[in-house]
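**Student:** This is data32.cif, which holds mmCIF, C-alpha atoms:
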data_run
loop_
_atom_site.group_PDB
_atom_site.id
_atom_site.type_symbol
_atom_site.label_atom_id
_atom_site.label_comp_id
_atom_site.auth_asym_id
_atom_site.auth_seq_id
_atom_site.Cartn_x
_atom_site.Cartn_y
_atom_site.Cartn_z
ATOM 1 C CA MET A 1 -155.027 68.487 47.379
ATOM 2 C CA VAL A 2 -157.115 65.659 45.953
ATOM 3 C CA GLN A 3 -159.112 68.337 44.159
ATOM 4 C CA LEU A 4 -155.953 69.712 42.540
ATOM 5 C CA ILE A 5 -154.807 66.256 41.421
ATOM 6 C CA ILE A 6 -158.192 65.522 39.828
ATOM 7 C CA THR A 7 -158.081 68.932 38.133
ATOM 8 C CA CYS A 8 -154.609 68.286 36.715
ATOM 9 C CA LEU A 9 -155.646 64.870 35.379
ATOM 10 C CA LEU A 10 -158.784 66.224 33.720
ATOM 11 C CA LEU A 11 -156.887 69.186 32.228
ATOM 12 C CA ALA A 12 -154.202 66.866 30.849
ATOM 13 C CA GLY A 13 -156.812 64.645 29.217
ATOM 14 C CA GLY A 14 -158.666 67.618 27.810
ATOM 15 C CA LEU A 15 -155.509 69.176 26.387
ATOM 16 C CA PHE A 16 -154.626 65.845 24.771
ATOM 17 C CA PHE A 17 -157.975 65.651 23.007
ATOM 18 C CA LEU A 18 -157.809 69.321 22.008
ATOM 19 C CA ALA A 19 -154.361 68.732 20.510
ATOM 20 C CA VAL A 20 -155.681 65.701 18.596
ATOM 21 C CA SER A 21 -158.610 67.719 17.267
ATOM 22 C CA ASN A 22 -156.558 70.738 16.252
ATOM 23 C CA ALA A 23 -153.953 68.562 14.558
ATOM 24 C CA GLY A 24 -156.675 66.608 12.764
ATOM 25 C CA VAL A 25 -158.040 69.769 11.191
ATOM 26 C CA VAL A 26 -154.665 70.374 9.567
ATOM 27 C CA ARG A 27 -153.649 66.809 8.772
ATOM 28 C CA LEU A 28 -156.824 65.112 7.515
ATOM 29 C CA PRO A 29 -157.300 65.068 3.740
ATOM 30 C CA ASP A 30 -160.970 65.897 3.243
ATOM 31 C CA PHE A 31 -163.625 68.298 4.468
ATOM 32 C CA TYR A 32 -165.853 65.534 5.838
ATOM 33 C CA SER A 33 -163.036 63.895 7.765
ATOM 34 C CA ARG A 34 -162.193 67.315 9.202
ATOM 35 C CA CYS A 35 -165.817 67.490 10.309
ATOM 36 C CA HIS A 36 -165.173 64.230 12.163
ATOM 37 C CA ALA A 37 -162.174 65.791 13.909
ATOM 38 C CA VAL A 38 -164.031 68.960 14.880
ATOM 39 C CA GLY A 39 -167.311 67.385 15.925
ATOM 40 C CA LYS A 40 -166.143 64.734 18.348
ATOM 41 C CA SER A 41 -162.624 65.299 19.651
ATOM 42 C CA GLU A 42 -163.160 69.012 20.194
ATOM 43 C CA THR A 43 -166.341 68.345 22.166
ATOM 44 C CA LEU A 44 -164.681 65.750 24.379
ATOM 45 C CA GLY A 45 -161.658 67.958 25.034
ATOM 46 C CA SER A 46 -163.852 70.919 25.942
ATOM 47 C CA MET A 47 -165.923 68.713 28.249
ATOM 48 C CA LEU A 48 -162.841 67.463 30.090
ATOM 49 C CA VAL A 49 -161.259 70.927 30.462
ATOM 50 C CA LEU A 50 -164.464 72.564 31.704
ATOM 51 C CA PHE A 51 -165.232 69.716 34.092
ATOM 52 C CA GLY A 52 -161.708 69.978 35.500
ATOM 53 C CA LEU A 53 -162.208 73.712 36.070
ATOM 54 C CA ALA A 54 -165.565 73.026 37.753
ATOM 55 C CA VAL A 55 -163.869 70.529 40.086
ATOM 56 C CA PHE A 56 -161.193 73.122 40.912
ATOM 57 C CA ASN A 57 -163.779 75.796 41.678
ATOM 58 C CA GLY A 58 -165.528 73.775 44.341
ATOM 59 C CA LEU A 59 -169.244 74.053 44.947
ATOM 60 C CA ASP A 60 -170.216 77.608 44.153
ATOM 61 C CA ALA A 61 -172.521 79.691 42.004
ATOM 62 C CA ASN A 62 -169.822 79.821 39.319
ATOM 63 C CA THR A 63 -169.701 76.031 39.134
ATOM 64 C CA TRP A 64 -173.227 75.918 37.760
ATOM 65 C CA LYS A 65 -172.307 78.523 35.152
ATOM 66 C CA ILE A 66 -169.307 76.427 34.072
ATOM 67 C CA LEU A 67 -171.505 73.341 33.846
ATOM 68 C CA MET A 68 -173.990 75.406 31.851
ATOM 69 C CA ILE A 69 -171.244 76.282 29.336
ATOM 70 C CA LEU A 70 -170.324 72.565 29.255
ATOM 71 C CA VAL A 71 -173.888 71.477 28.461
ATOM 72 C CA PHE A 72 -174.215 74.211 25.845
ATOM 73 C CA ILE A 73 -170.971 73.190 24.116
ATOM 74 C CA VAL A 74 -172.051 69.534 24.144
ATOM 75 C CA LEU A 75 -175.332 70.501 22.498
ATOM 76 C CA ALA A 76 -174.047 73.172 20.119
ATOM 77 C CA ASN A 77 -170.710 71.989 18.748
ATOM 78 C CA PRO A 78 -171.893 68.756 17.013
ATOM 79 C CA THR A 79 -175.012 70.577 15.831
ATOM 80 C CA ALA A 80 -172.985 73.319 14.157
ATOM 81 C CA THR A 81 -170.657 70.751 12.592
ATOM 82 C CA HIS A 82 -173.623 68.760 11.320
ATOM 83 C CA ILE A 83 -175.253 71.819 9.780
ATOM 84 C CA ILE A 84 -172.092 72.874 7.934
ATOM 85 C CA ALA A 85 -171.536 69.298 6.706
ATOM 86 C CA ARG A 86 -175.138 69.107 5.492
ATOM 87 C CA ALA A 87 -174.786 72.430 3.684
ATOM 88 C CA ALA A 88 -171.589 71.173 2.034
ATOM 89 C CA TYR A 89 -173.283 67.919 0.951
ATOM 90 C CA ARG A 90 -176.353 69.652 -0.445
ATOM 91 C CA THR A 91 -174.305 72.165 -2.390
ATOM 92 C CA GLY A 92 -172.487 69.302 -4.093
ATOM 93 C CA LEU A 93 -169.080 69.056 -2.453
ATOM 94 C CA GLN A 94 -167.671 65.663 -3.421
ATOM 95 C CA PRO A 95 -166.139 63.357 -0.828
ATOM 96 C CA TRP A 96 -162.530 62.393 -1.264
ATOM 97 C CA ILE A 97 -162.919 58.747 -2.347
ATOM 98 C CA ILE A 98 -165.598 59.438 -4.942
ATOM 99 C CA ALA A 99 -163.658 62.320 -6.461
ATOM 100 C CA LYS A 100 -160.507 60.191 -6.654
ATOM 101 C CA ARG A 101 -162.362 57.262 -8.267
ATOM 102 C CA LYS A 102 -163.995 59.566 -10.786
ATOM 103 C CA MET A 103 -160.628 61.047 -11.642
ATOM 104 C CA LYS A 104 -159.231 57.562 -12.166
ATOM 105 C CA THR A 105 -161.941 55.995 -14.321
ATOM 106 C CA GLU A 106 -163.405 58.690 -16.487
ATOM 107 C CA THR A 107 -161.734 60.275 -19.439
ATOM 108 C CA ALA A 108 -160.606 63.855 -19.765
ATOM 109 C CA GLN A 109 -163.612 64.688 -21.909
ATOM 110 C CA ILE A 110 -166.105 63.713 -19.237
ATOM 111 C CA GLU A 111 -164.004 65.554 -16.692
ATOM 112 C CA ASN A 112 -164.549 68.712 -18.648
ATOM 113 C CA GLN A 113 -168.305 68.148 -18.471
ATOM 114 C CA THR A 114 -168.376 67.828 -14.701
ATOM 115 C CA PRO A 115 -169.694 70.966 -13.033
ATOM 116 C CA VAL A 116 -167.028 73.338 -11.845
ATOM 117 C CA ASP A 117 -166.907 73.576 -8.098
ATOM 118 C CA HIS A 118 -166.920 77.167 -6.996
ATOM 119 C CA PHE A 119 -165.513 76.408 -3.569
ATOM 120 C CA THR A 120 -161.898 75.729 -4.376
ATOM 121 C CA MET A 121 -159.353 78.430 -4.810
ATOM 122 C CA PRO A 122 -158.340 78.964 -8.467
ATOM 123 C CA ASP A 123 -154.721 78.058 -7.857
ATOM 124 C CA LYS A 124 -155.619 74.922 -5.896
ATOM 125 C CA LYS A 125 -158.031 73.403 -8.393
ATOM 126 C CA HIS A 126 -155.719 71.014 -10.224
ATOM 127 C CA GLU A 127 -153.752 69.789 -7.286
ATOM 128 C CA MET B 4 -148.787 75.596 41.140
ATOM 129 C CA ASN B 5 -149.423 79.261 40.530
ATOM 130 C CA TYR B 6 -148.399 78.831 36.897
ATOM 131 C CA LEU B 7 -150.891 76.052 36.107
ATOM 132 C CA PHE B 8 -153.636 78.066 34.460
ATOM 133 C CA PRO B 9 -151.422 80.489 32.435
ATOM 134 C CA VAL B 10 -149.494 77.516 31.032
ATOM 135 C CA VAL B 11 -152.735 75.798 30.015
ATOM 136 C CA ALA B 12 -154.032 79.022 28.433
ATOM 137 C CA VAL B 13 -150.810 79.540 26.465
ATOM 138 C CA PHE B 14 -150.935 75.910 25.277
ATOM 139 C CA ILE B 15 -154.487 76.332 23.992
ATOM 140 C CA VAL B 16 -153.550 79.618 22.275
ATOM 141 C CA ILE B 17 -150.639 77.841 20.554
ATOM 142 C CA LEU B 18 -153.087 75.125 19.455
ATOM 143 C CA MET B 19 -155.333 77.811 17.948
ATOM 144 C CA PHE B 20 -152.739 78.542 15.272
ATOM 145 C CA LEU B 21 -153.432 75.182 13.583
ATOM 146 C CA PRO B 22 -157.084 75.993 12.653
ATOM 147 C CA LEU B 23 -155.860 79.468 11.687
ATOM 148 C CA TYR B 24 -153.592 77.816 9.099
ATOM 149 C CA ARG B 25 -156.552 75.806 7.809
ATOM 150 C CA ALA B 26 -158.765 78.892 7.746
ATOM 151 C CA ILE B 27 -156.241 80.824 5.684
ATOM 152 C CA LYS B 28 -155.205 78.073 3.275
ATOM 153 C CA GLY B 29 -158.269 75.803 3.302
ATOM 154 C CA PRO B 30 -159.302 74.607 -0.151
ATOM 155 C CA THR B 31 -163.045 75.042 0.301
ATOM 156 C CA LEU B 32 -165.240 77.640 1.953
ATOM 157 C CA PHE B 33 -166.638 75.152 4.464
ATOM 158 C CA ASP B 34 -163.154 74.310 5.732
ATOM 159 C CA ARG B 35 -162.672 77.932 6.662
ATOM 160 C CA LEU B 36 -166.072 78.095 8.329
ATOM 161 C CA ILE B 37 -165.477 75.018 10.452
ATOM 162 C CA SER B 38 -161.972 76.177 11.371
ATOM 163 C CA ALA B 39 -163.408 79.498 12.552
ATOM 164 C CA GLY B 40 -165.906 77.594 14.705
ATOM 165 C CA GLN B 41 -163.149 75.522 16.235
ATOM 166 C CA MET B 42 -161.096 78.623 16.999
ATOM 167 C CA GLY B 43 -164.181 80.056 18.709
ATOM 168 C CA THR B 44 -164.589 76.965 20.882
ATOM 169 C CA ASN B 45 -160.924 77.165 21.885
ATOM 170 C CA GLY B 46 -161.439 80.843 22.667
ATOM 171 C CA ILE B 47 -164.250 79.996 25.109
ATOM 172 C CA LEU B 48 -161.893 77.675 26.992
ATOM 173 C CA VAL B 49 -159.160 80.348 27.025
ATOM 174 C CA LEU B 50 -161.637 82.857 28.471
ATOM 175 C CA VAL B 51 -162.686 80.554 31.320
ATOM 176 C CA ILE B 52 -159.067 79.628 32.131
ATOM 177 C CA LEU B 53 -158.022 83.308 32.129
ATOM 178 C CA GLY B 54 -160.845 83.965 34.590
ATOM 179 C CA PHE B 55 -159.297 81.425 36.957
ATOM 180 C CA SER B 56 -155.863 82.928 36.359
ATOM 181 C CA TYR B 57 -156.987 86.452 37.251
ATOM 182 C CA GLN B 58 -159.191 85.097 40.081
ATOM 183 C CA ARG B 59 -162.205 86.926 38.725
ATOM 184 C CA VAL B 60 -164.193 83.945 37.547
ATOM 185 C CA ASP B 61 -167.655 85.501 37.748
ATOM 186 C CA MET B 62 -166.916 88.178 35.155
ATOM 187 C CA PHE B 63 -165.120 85.934 32.658
ATOM 188 C CA ILE B 64 -167.782 83.210 32.894
ATOM 189 C CA ASP B 65 -170.425 85.632 31.642
ATOM 190 C CA LEU B 66 -168.158 86.666 28.763
ATOM 191 C CA ALA B 67 -167.633 83.007 27.902
ATOM 192 C CA ILE B 68 -171.389 82.310 27.890
ATOM 193 C CA ALA B 69 -172.023 85.261 25.559
ATOM 194 C CA TYR B 70 -169.184 84.187 23.272
ATOM 195 C CA ALA B 71 -170.485 80.614 23.108
ATOM 196 C CA LEU B 72 -173.947 81.830 22.095
ATOM 197 C CA LEU B 73 -172.539 84.168 19.427
ATOM 198 C CA ASN B 74 -170.268 81.469 18.021
ATOM 199 C CA PHE B 75 -173.121 78.958 17.699
ATOM 200 C CA ILE B 76 -175.558 81.451 16.175
ATOM 201 C CA GLY B 77 -172.990 82.705 13.676
ATOM 202 C CA THR B 78 -172.167 79.190 12.526
ATOM 203 C CA ILE B 79 -175.863 78.278 12.185
ATOM 204 C CA ALA B 80 -176.564 81.435 10.178
ATOM 205 C CA PHE B 81 -173.679 80.812 7.775
ATOM 206 C CA GLY B 82 -174.703 77.175 7.311
ATOM 207 C CA LYS B 83 -178.329 77.941 6.541
ATOM 208 C CA TYR B 84 -177.381 80.809 4.208
ATOM 209 C CA LEU B 85 -174.927 78.700 2.212
ATOM 210 C CA GLU B 86 -177.400 75.819 2.046
ATOM 211 C CA ARG B 87 -180.180 78.003 0.680
ATOM 212 C CA HIS B 88 -178.151 80.074 -1.753
ATOM 213 C CA ARG B 89 -176.023 77.208 -3.138
ATOM 214 C CA GLY B 90 -172.755 78.386 -1.704
ATOM 215 C CA GLY B 91 -173.351 82.035 -2.512
ATOM 216 C CA VAL B 92 -172.933 81.250 -6.221
ATOM 217 C CA SER B 93 -176.501 80.323 -7.285
#
Please go through the file and, once you have read it, give me the structure as structure tokens.

**Tutor:**
Amino acid sequence: MVQLIITCLLLAGGLFFLAVSNAGVVRLPDFYSRCHAVGKSETLGSMLVLFGLAVFNGLDANTWKILMILVFIVLANPTATHIIARAAYRTGLQPWIIAKRKMKTETAQIENQTPVDHFTMPDKKHE
Amino acid sequence: MNYLFPVVAVFIVILMFLPLYRAIKGPTLFDRLISAGQMGTNGILVLVILGFSYQRVDMFIDLAIAYALLNFIGTIAFGKYLERHRGGVS
């Protein structure tokens, strides 16, 4: 019974952090801030959910497999987020603040000289 | 009490529609990539919870381990490819 209560608490916390992460991917304005949402909240939510399931399972051979998935997610999820963010930075994706400041200060002539980003959709470019 | 794990699995599947929206409508390519990775991580959790719901944990745990490895390797491969080839545009 105590096991079930601990499982319910850990699952509730994990679902809260998963909801925060999945809402942050939609709501945040920039790619790099979405990386923040994916890299940290998603990892913590997955940790809490998997640890709650390991507590529910008891001490078994499957518990070590669940903890193995937990350790792998903790190692892999921020690493994957970091690699995609580094690829985006090295291919020249501008952060939100810098792009906004450049739009505000420079003239339309210099804006035409800025390199065209090939990542945005053609209908979303002048939003 | 018997409905605990199916309810949790359905909640996580409903949450997976939010990164699907970002993967369809995302302004850049990297947004779509990172949304696909997040949907994969949610899918691992759904697999483990469905294993508890069907009471066949040992089979679903192995599927979840394989899916976690494939998700990580796919994301790493896409990241390194886009970093080397300048976003596929050169």

**Student:** Take the PyMOL selection byres ((chain B) within 7 of (chain A)), run it mentally on this structure, and tell me the resulting residues as a VMD selection string.

**Tutor:** chain B and resid 18 21 to 22 25 30 to 34 41 61 64 68 75 78 to 79 82 85 to 86 89 to 90

**Student:** Please indicate the distance in Å from atom CA of B:Val13 to atom CA of B:Met42, rounded to one decimal place.

**Tutor:**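 Here the two named atoms are 14.0 Å from each other.
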
**Student:** Would you translate the PyMOL selection byres ((chain B and resi 46-52) around 6) into the concrete set of residues it matches in this file, as a PDB file with C-alpha atoms, in the coordinates of the input?

**Tutor:**
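That gives us part-v1.pdb:
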ATOM      1  CA  ALA B  12    -154.032  79.022  28.433  1.00  0.00           C
ATOM      2  CA  GLY B  43    -164.181  80.056  18.709  1.00  0.00           C
ATOM      3  CA  THR B  44    -164.589  76.965  20.882  1.00  0.00           C
ATOM      4  CA  ASN B  45    -160.924  77.165  21.885  1.00  0.00           C
ATOM      5  CA  LEU B  53    -158.022  83.308  32.129  1.00  0.00           C
ATOM      6  CA  GLY B  54    -160.845  83.965  34.590  1.00  0.00           C
ATOM      7  CA  PHE B  55    -159.297  81.425  36.957  1.00  0.00           C
ATOM      8  CA  ILE B  64    -167.782  83.210  32.894  1.00  0.00           C
ATOM      9  CA  ALA B  67    -167.633  83.007  27.902  1.00  0.00           C
TER      10      ALA B  67
END

**Student:** How many Å separate atom CA of A:Leu9 from atom CA of A:Leu44?

**Tutor:**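 Taking atom CA of A:Leu9 as the start and atom CA of A:Leu44 as the end point, the length is 14.3 Å.
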
**Student:** Which distance in Å separates atom CA of B:Phe63 and atom CA of B:Leu36, to one decimal?

**Tutor:**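 Result for atom CA of B:Phe63 versus atom CA of B:Leu36: 25.6 Å, one decimal.
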